[in-house]
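Data from entry.csv: CSV, C-alpha atoms
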```csv
chain,number,residue,atom,x,y,z
A,1,MET,CA,-10.8,-56.4,-25.8
A,2,LYS,CA,-9.7,-53.9,-28.4
A,3,LYS,CA,-13.2,-52.3,-28.5
A,4,THR,CA,-13.1,-51.9,-24.7
A,5,LEU,CA,-9.7,-50.2,-24.8
A,6,ALA,CA,-10.9,-47.9,-27.6
A,7,LEU,CA,-14.0,-47.0,-25.6
A,8,PHE,CA,-11.9,-46.3,-22.5
A,9,ALA,CA,-9.5,-44.1,-24.4
A,10,ALA,CA,-12.4,-42.2,-25.9
A,11,LEU,CA,-13.8,-41.6,-22.4
A,12,LEU,CA,-10.5,-40.3,-21.2
A,13,ALA,CA,-10.2,-37.9,-24.2
A,14,PHE,CA,-13.6,-36.4,-23.4
A,15,LEU,CA,-13.1,-36.1,-19.6
A,16,PRO,CA,-11.9,-32.4,-19.9
A,17,ALA,CA,-15.1,-31.5,-21.7
A,18,PHE,CA,-17.0,-32.6,-18.6
A,19,SER,CA,-14.8,-30.6,-16.2
A,20,GLN,CA,-16.7,-27.6,-15.0
A,21,GLU,CA,-15.3,-24.1,-14.4
A,22,PRO,CA,-16.3,-22.6,-11.1
A,23,GLU,CA,-19.3,-20.3,-11.2
A,24,LEU,CA,-18.2,-16.6,-11.1
A,25,LEU,CA,-20.6,-14.3,-9.3
A,26,THR,CA,-20.1,-10.5,-8.9
A,27,ASN,CA,-21.5,-8.9,-5.8
A,28,PRO,CA,-22.6,-5.3,-5.5
A,29,GLU,CA,-19.8,-2.8,-4.8
A,30,VAL,CA,-18.9,-2.2,-1.2
A,31,VAL,CA,-18.2,1.5,-0.5
A,32,GLU,CA,-16.2,2.6,2.6
A,33,ASP,CA,-16.1,6.2,3.9
A,34,ASP,CA,-14.0,7.0,6.9
A,35,ILE,CA,-11.9,9.6,8.8
A,36,LEU,CA,-8.4,8.5,9.9
A,37,LEU,CA,-5.8,9.9,12.1
A,38,ARG,CA,-2.1,9.2,11.5
A,39,THR,CA,0.5,10.1,14.0
A,40,GLY,CA,4.1,9.1,14.5
A,41,ALA,CA,7.8,10.1,14.6
A,42,GLU,CA,10.6,9.9,12.1
A,43,VAL,CA,14.3,9.9,13.0
A,44,GLU,CA,17.0,10.6,10.4
A,45,TYR,CA,20.7,9.8,11.0
A,46,TYR,CA,23.3,11.0,8.5
A,47,VAL,CA,26.0,8.4,8.2
A,48,LEU,CA,27.6,10.4,5.4
A,49,PRO,CA,26.7,13.8,3.9
A,50,SER,CA,25.1,11.8,1.0
A,51,LEU,CA,23.8,8.8,3.0
A,52,TYR,CA,21.2,8.7,5.8
A,53,LEU,CA,19.2,6.1,7.6
A,54,THR,CA,15.6,6.6,8.7
A,55,LEU,CA,13.6,4.9,11.5
A,56,ASP,CA,9.9,5.6,11.2
A,57,GLN,CA,7.1,4.6,13.6
A,58,GLU,CA,3.5,5.4,12.6
A,59,LEU,CA,0.2,4.7,14.3
A,60,ARG,CA,-3.2,4.9,12.6
A,61,PHE,CA,-6.7,5.2,14.0
A,62,LYS,CA,-9.9,4.4,12.0
A,63,GLU,CA,-13.7,4.6,12.2
A,64,ASN,CA,-13.7,8.3,12.7
A,65,VAL,CA,-10.6,8.1,14.9
A,66,SER,CA,-12.3,5.9,17.4
A,67,THR,CA,-10.5,2.6,16.9
A,68,PHE,CA,-6.9,1.6,16.6
A,69,ASP,CA,-6.2,0.6,13.0
A,70,ARG,CA,-2.5,-0.4,12.5
A,71,SER,CA,1.1,0.1,13.3
A,72,TYR,CA,3.9,0.6,10.8
A,73,THR,CA,7.6,0.3,11.7
A,74,THR,CA,10.0,1.2,8.8
A,75,LEU,CA,13.7,1.2,8.5
A,76,SER,CA,15.2,2.7,5.3
A,77,ALA,CA,18.4,3.9,3.8
A,78,THR,CA,18.7,6.7,1.2
A,79,TYR,CA,21.7,7.7,-0.9
A,80,LYS,CA,22.0,11.0,-2.7
A,81,VAL,CA,23.6,10.2,-6.0
A,82,ASN,CA,23.8,13.9,-7.0
A,83,PRO,CA,21.7,17.1,-6.4
A,84,TYR,CA,19.0,15.8,-8.7
A,85,PHE,CA,18.7,12.1,-8.0
A,86,LYS,CA,18.3,9.9,-4.9
A,87,VAL,CA,17.8,6.1,-4.4
A,88,GLY,CA,16.5,4.3,-1.4
A,89,ALA,CA,15.5,0.9,0.0
A,90,ALA,CA,13.3,0.1,3.0
A,91,TYR,CA,11.7,-2.7,5.1
A,92,ARG,CA,8.4,-2.2,6.8
A,93,PHE,CA,6.8,-4.3,9.6
A,94,MET,CA,3.0,-4.0,9.5
A,95,ALA,CA,0.6,-5.0,12.3
A,96,ILE,CA,-3.0,-4.5,11.2
A,97,ASN,CA,-6.1,-4.8,13.5
A,98,HIS,CA,-8.8,-6.7,11.7
A,99,ASP,CA,-12.5,-7.3,12.7
A,100,GLY,CA,-12.5,-10.8,11.2
A,101,LYS,CA,-15.1,-12.5,8.9
A,102,LYS,CA,-18.7,-13.5,9.3
A,103,SER,CA,-17.7,-17.2,9.3
A,104,THR,CA,-15.5,-16.6,12.4
A,105,GLY,CA,-18.1,-14.4,14.2
A,106,PHE,CA,-16.1,-11.3,13.4
A,107,GLU,CA,-13.5,-12.2,16.0
A,108,LYS,CA,-10.7,-9.5,16.0
A,109,TYR,CA,-7.2,-10.6,15.1
A,110,TRP,CA,-3.8,-9.1,14.1
A,111,ASP,CA,-2.8,-9.4,10.5
A,112,ILE,CA,1.1,-9.4,10.3
A,113,ARG,CA,2.7,-8.4,7.0
A,114,ASN,CA,6.1,-7.6,5.8
A,115,ARG,CA,6.8,-5.0,3.1
A,116,ALA,CA,9.9,-4.1,1.1
A,117,TYR,CA,10.3,-1.3,-1.4
A,118,LEU,CA,12.7,0.7,-3.5
A,119,SER,CA,12.6,4.4,-4.1
A,120,PHE,CA,13.9,6.3,-7.1
A,121,ILE,CA,13.6,10.1,-6.6
A,122,GLY,CA,14.3,12.9,-9.1
A,123,GLN,CA,14.2,16.4,-7.8
A,124,ALA,CA,15.0,20.0,-8.9
A,125,HIS,CA,15.2,23.3,-7.0
A,126,LEU,CA,13.7,26.4,-8.8
A,127,GLY,CA,14.5,29.2,-6.4
A,128,ARG,CA,12.6,28.5,-3.2
A,129,TRP,CA,10.5,25.9,-5.0
A,130,LYS,CA,11.3,22.2,-5.0
A,131,VAL,CA,9.8,19.8,-7.5
A,132,SER,CA,10.2,16.0,-7.1
A,133,LEU,CA,9.0,12.8,-8.7
A,134,ARG,CA,9.3,9.4,-6.9
A,135,GLU,CA,8.8,5.9,-8.4
A,136,ARG,CA,8.4,3.2,-5.8
A,137,PRO,CA,8.0,-0.6,-6.6
A,138,VAL,CA,6.4,-2.2,-3.5
A,139,ALA,CA,6.2,-5.9,-2.5
A,140,THR,CA,4.0,-7.0,0.5
A,141,TRP,CA,4.1,-10.5,2.0
A,142,ARG,CA,1.2,-12.0,4.0
A,143,THR,CA,2.1,-14.3,6.9
A,144,GLY,CA,-1.3,-15.9,7.7
A,145,GLU,CA,-3.2,-18.7,5.9
A,146,PHE,CA,-4.8,-17.8,2.7
A,147,ASN,CA,-5.9,-19.2,-0.7
A,148,PRO,CA,-3.4,-18.2,-3.4
A,149,LYS,CA,-6.3,-18.0,-5.9
A,150,GLU,CA,-7.9,-15.4,-3.7
A,151,LYS,CA,-4.9,-13.3,-2.7
A,152,VAL,CA,-1.5,-13.1,-4.2
A,153,ASN,CA,1.7,-13.3,-2.2
A,154,PRO,CA,3.7,-11.2,-2.5
A,155,GLU,CA,1.4,-8.4,-3.6
A,156,LEU,CA,3.2,-6.1,-6.1
A,157,GLU,CA,2.4,-2.5,-6.8
A,158,LEU,CA,4.0,0.5,-8.4
A,159,ARG,CA,3.5,3.9,-6.6
A,160,SER,CA,4.3,7.1,-8.5
A,161,LYS,CA,4.3,10.4,-6.5
A,162,ALA,CA,4.8,14.0,-7.6
A,163,GLU,CA,5.4,16.7,-5.0
A,164,VAL,CA,5.8,20.5,-5.0
A,165,SER,CA,7.1,22.4,-1.9
A,166,TYR,CA,8.0,26.0,-1.1
A,167,LYS,CA,10.6,27.2,1.5
A,168,PHE,CA,10.1,30.6,3.0
A,169,PHE,CA,13.1,32.9,3.4
A,170,SER,CA,12.3,34.4,6.8
A,171,LYS,CA,9.9,31.8,8.3
A,172,PRO,CA,10.6,28.2,9.4
A,173,LEU,CA,7.6,26.9,7.3
A,174,MET,CA,7.5,24.8,4.2
A,175,PRO,CA,4.0,24.1,2.6
A,176,TYR,CA,3.7,21.3,0.1
A,177,ILE,CA,1.2,19.5,-2.1
A,178,SER,CA,1.5,16.1,-3.7
A,179,TYR,CA,-0.3,13.5,-5.8
A,180,GLU,CA,0.3,9.8,-5.7
A,181,LEU,CA,-0.9,7.1,-8.2
A,182,CYS,CA,-0.9,3.4,-7.3
A,183,ASN,CA,-1.1,0.6,-9.8
A,184,THR,CA,-1.3,-3.1,-9.2
A,185,LEU,CA,1.4,-5.3,-10.8
A,186,ASN,CA,-0.2,-8.7,-10.0
A,187,HIS,CA,-3.6,-10.0,-8.8
A,188,SER,CA,-5.8,-13.0,-8.4
A,189,PRO,CA,-6.3,-15.1,-11.6
A,190,TYR,CA,-10.0,-14.3,-11.5
A,191,ILE,CA,-9.3,-10.6,-12.1
A,192,SER,CA,-8.6,-9.6,-15.7
A,193,GLY,CA,-5.8,-7.1,-16.0
A,194,ASN,CA,-4.0,-4.8,-13.6
A,195,TYR,CA,-5.8,-1.6,-12.5
A,196,ILE,CA,-5.4,1.7,-10.6
A,197,CYS,CA,-5.8,0.8,-7.0
A,198,GLY,CA,-5.3,4.2,-5.4
A,199,ASN,CA,-5.3,8.0,-5.9
A,200,ARG,CA,-3.9,10.1,-3.1
A,201,TYR,CA,-4.1,13.9,-2.8
A,202,GLU,CA,-2.1,15.6,0.0
A,203,ALA,CA,-1.5,19.0,1.3
A,204,GLY,CA,0.8,19.7,4.3
A,205,LEU,CA,2.9,22.1,6.2
A,206,LYS,CA,6.3,21.4,7.8
A,207,TRP,CA,7.2,23.7,10.7
A,208,ARG,CA,10.9,23.7,11.6
A,209,LEU,CA,11.2,24.1,15.4
A,210,THR,CA,15.0,23.8,15.7
A,211,GLN,CA,17.8,22.6,13.5
A,212,GLU,CA,17.0,19.0,14.5
A,213,LEU,CA,13.3,19.1,15.2
A,214,ALA,CA,10.3,19.7,12.9
A,215,LEU,CA,6.5,19.1,13.0
A,216,ASP,CA,4.7,17.9,9.9
A,217,PHE,CA,0.9,18.6,9.6
A,218,PHE,CA,-1.0,17.2,6.7
A,219,TYR,CA,-4.3,16.2,5.2
A,220,ARG,CA,-4.5,13.4,2.7
A,221,TYR,CA,-7.6,12.3,0.6
A,222,ASP,CA,-7.3,8.6,-0.4
A,223,VAL,CA,-9.5,7.1,-3.1
A,224,GLY,CA,-9.0,3.3,-3.2
A,225,ARG,CA,-10.0,0.5,-5.4
A,226,ASN,CA,-9.8,-3.3,-4.7
A,227,TYR,CA,-11.5,-6.6,-5.4
A,228,ASP,CA,-12.3,-9.2,-2.7
A,229,ILE,CA,-12.3,-12.8,-4.0
A,230,ASP,CA,-14.0,-15.5,-2.0
A,231,ILE,CA,-13.9,-19.2,-3.2
A,232,ASN,CA,-16.0,-21.9,-1.5
A,233,LYS,CA,-14.3,-25.0,-0.2
A,234,LYS,CA,-15.2,-27.2,-3.2
A,235,GLU,CA,-14.0,-24.4,-5.6
A,236,THR,CA,-17.3,-24.6,-7.5
A,237,LYS,CA,-18.2,-20.9,-6.8
A,238,VAL,CA,-16.2,-17.7,-6.9
A,239,GLU,CA,-17.6,-14.5,-5.5
A,240,MET,CA,-16.0,-11.2,-6.5
A,241,THR,CA,-16.8,-8.1,-4.5
A,242,PRO,CA,-15.6,-4.8,-5.9
A,243,GLU,CA,-14.5,-2.5,-3.1
A,244,SER,CA,-14.0,1.3,-3.2
A,245,SER,CA,-12.9,3.6,-0.4
A,246,SER,CA,-13.0,7.4,0.2
A,247,ILE,CA,-10.7,8.1,3.2
A,248,HIS,CA,-10.0,11.5,4.8
A,249,ASN,CA,-6.6,11.3,6.6
A,250,PHE,CA,-5.5,13.9,9.1
A,251,GLY,CA,-1.9,13.6,10.4
A,252,VAL,CA,0.8,15.0,12.5
A,253,TYR,CA,4.5,13.8,12.6
A,254,LEU,CA,7.5,14.6,14.6
A,255,ASP,CA,10.7,14.7,12.4
A,256,VAL,CA,14.1,14.4,14.1
A,257,ALA,CA,17.4,14.7,12.1
A,258,PHE,CA,20.9,14.2,13.3
A,259,LYS,CA,23.7,15.4,10.9
```
Represent the supplied structure as C-alpha cells.
Amino acid sequence: MKKTLALFAALLAFLPAFSQEPELLTNPEVVEDDILLRTGAEVEYYVLPSLYLTLDQELRFKENVSTFDRSYTTLSATYKVNPYFKVGAAYRFMAINHDGKKSTGFEKYWDIRNRAYLSFIGQAHLGRWKVSLRERPVATWRTGEFNPKEKVNPELELRSKAEVSYKFFSKPLMPYISYELCNTLNHSPYISGNYICGNRYEAGLKWRLTQELALDFFYRYDVGRNYDIDINKKETKVEMTPESSSIHNFGVYLDVAFK
C-alpha cells in the first residue's frame, strides 16, 4: 500500500512536466494603407473664466473615404490652473463599424467601447507663438465578448503630444503643427514588453470666422503598430500577427465657443 501511495505521489509531482505550453506562431506582418476623412463639431462653454466644458462629436470615413468608419462622442472638462498649466478629464463613447472575422463570414457589426482619459497640459506664449506639451493617460473598455488572453480590458496607453502654433496680428488665422507619441501600458501576456503603438504628425490651420465660430482644417499622418492575438478553442495554439498602418487623415471641424 505504501509503495502504491509513493508511486501516486511521484506521478502527481511529475504532472507539471507533462503540461504543454501552447504553440506560438508568428504570422507575416499585415500592412494597412488608407485615406480617412474626419469631420465634426466641438462646442465649448465657459462655466467660469478658468473652467470650461466641451462637447465633441466626430465622424470618420475610411477606405479612401468611401465607408463610414466610426463615431466618437466626447464630453470633457478643463480647468486652467494658471497661465502655464491646465488639467482636464473626459469620457468618450465610441461606436466602431467592423467588417467581422472570417469565422463569421465577415458579417458587419458595431463595436461599442468606452474611453476615459486625463489631460495635463503645459503651455507658454512667446510673443505670437504658443508652445504646449500634453500628457494623456488613456483607458479604453471593451463591451463585447473577448478572450482576456487575446485582448486586455481596459486597454491602457500614454499619449504625449507637443504642439506649436502662431497667431497672426491682422488675420483671423492660426497655423499649427504637432507631433504625438503613443505608448502601450499593458498588453496580452503573449506579447513581451510594452511598445510604441503610434506616431502622429499633424499640420493644420484654424480660421476664426466670428468671436464664437471657427473652422479647423488639418492633415494628420498616422503610423500605427499593433499585434493581433488569436488563440484556438483548446488553447493549444497561439497565432500572433504583427499589424502596421500608414493612414492619411484629412479633416475639417467646426469650433463653437460660448464665454
Find the distance between atom CA of A:Trp110 and atom CA of A:Phe146 and write it in Å to one decimal. 14.4 Å
Which distance in Å separates atom CA of A:Lys130 and atom CA of A:Glu163, to one decimal?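 Computing it gives 8.1 Å between the two atoms.
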Stretch 29-131 of chain A residues near stretch 214-235 of chain A within 10 Å, closest pair each, using only C-alpha atoms, as CSV:
```
residue,atom,partner,partner_atom,distance
A:Glu29,CA,A:Tyr227,CA,9.1
A:Val30,CA,A:Tyr227,CA,9.6
A:Val31,CA,A:Arg225,CA,9.6
A:Glu32,CA,A:Gly224,CA,9.3
A:Asp33,CA,A:Val223,CA,9.7
A:Ile35,CA,A:Tyr221,CA,9.6
A:Leu36,CA,A:Arg220,CA,9.5
A:Leu37,CA,A:Tyr219,CA,9.5
A:Arg38,CA,A:Phe218,CA,9.4
A:Thr39,CA,A:Phe217,CA,9.6
A:Gly40,CA,A:Asp216,CA,9.9
A:Ala41,CA,A:Leu215,CA,9.2
A:Glu42,CA,A:Ala214,CA,9.8
```
Any idea what the distance is between atom CA of A:Gly193 and atom CA of A:Thr26? 16.3 Å
Mind dumping a table of every stretch 14-109 of chain A residue within 10 Å of stretch 137-141 of chain A, with the nearest atom pair and its distance in Å to one decimal, using all atoms listed in the file, sorted by chain and rising number, as JSON lines?
```
{"residue": "A:Ala90", "atom": "CA", "partner": "A:Val138", "partner_atom": "CA", "distance": 9.8}
{"residue": "A:Tyr91", "atom": "CA", "partner": "A:Ala139", "partner_atom": "CA", "distance": 9.9}
{"residue": "A:Arg92", "atom": "CA", "partner": "A:Thr140", "partner_atom": "CA", "distance": 9.1}
{"residue": "A:Phe93", "atom": "CA", "partner": "A:Thr140", "partner_atom": "CA", "distance": 9.9}
{"residue": "A:Met94", "atom": "CA", "partner": "A:Thr140", "partner_atom": "CA", "distance": 9.5}
```
Can you tell me which residues surround A:Leu118 at a distance of at most 6 Å, considering all atoms listed in the file, apart from same-chain residues fewer than 6 positions away, and format the answer as a ChimeraX atom specification? /A:88-89,136-137
Up to 10 Å from (8.7, 8.1, 12.0) in the file's coordinates: name the residues, counting all atoms listed in the file, as a list of chain:residue names. A:Thr39, A:Gly40, A:Ala41, A:Glu42, A:Val43, A:Glu44, A:Thr54, A:Leu55, A:Asp56, A:Gln57, A:Glu58, A:Leu59, A:Tyr72, A:Thr73, A:Thr74, A:Leu75, A:Tyr253, A:Leu254, A:Asp255, A:Val256
With distances taken over all atoms listed in the file, which of A:Asp99, A:Glu63, A:Glu180, A:Glu145 is nearest to A:Ser132?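 Of A:Asp99, A:Glu63, A:Glu180, A:Glu145, the one nearest A:Ser132, counting all atoms listed in the file, is A:Glu180.
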Env of A:Ile112: 10 Å cut, atoms = all atoms listed in the file, seq-sep filter 4 positions within chain, self excluded. Answer as an MDAnalysis selection string. chainID A and resid 70:71 93:97 141:144
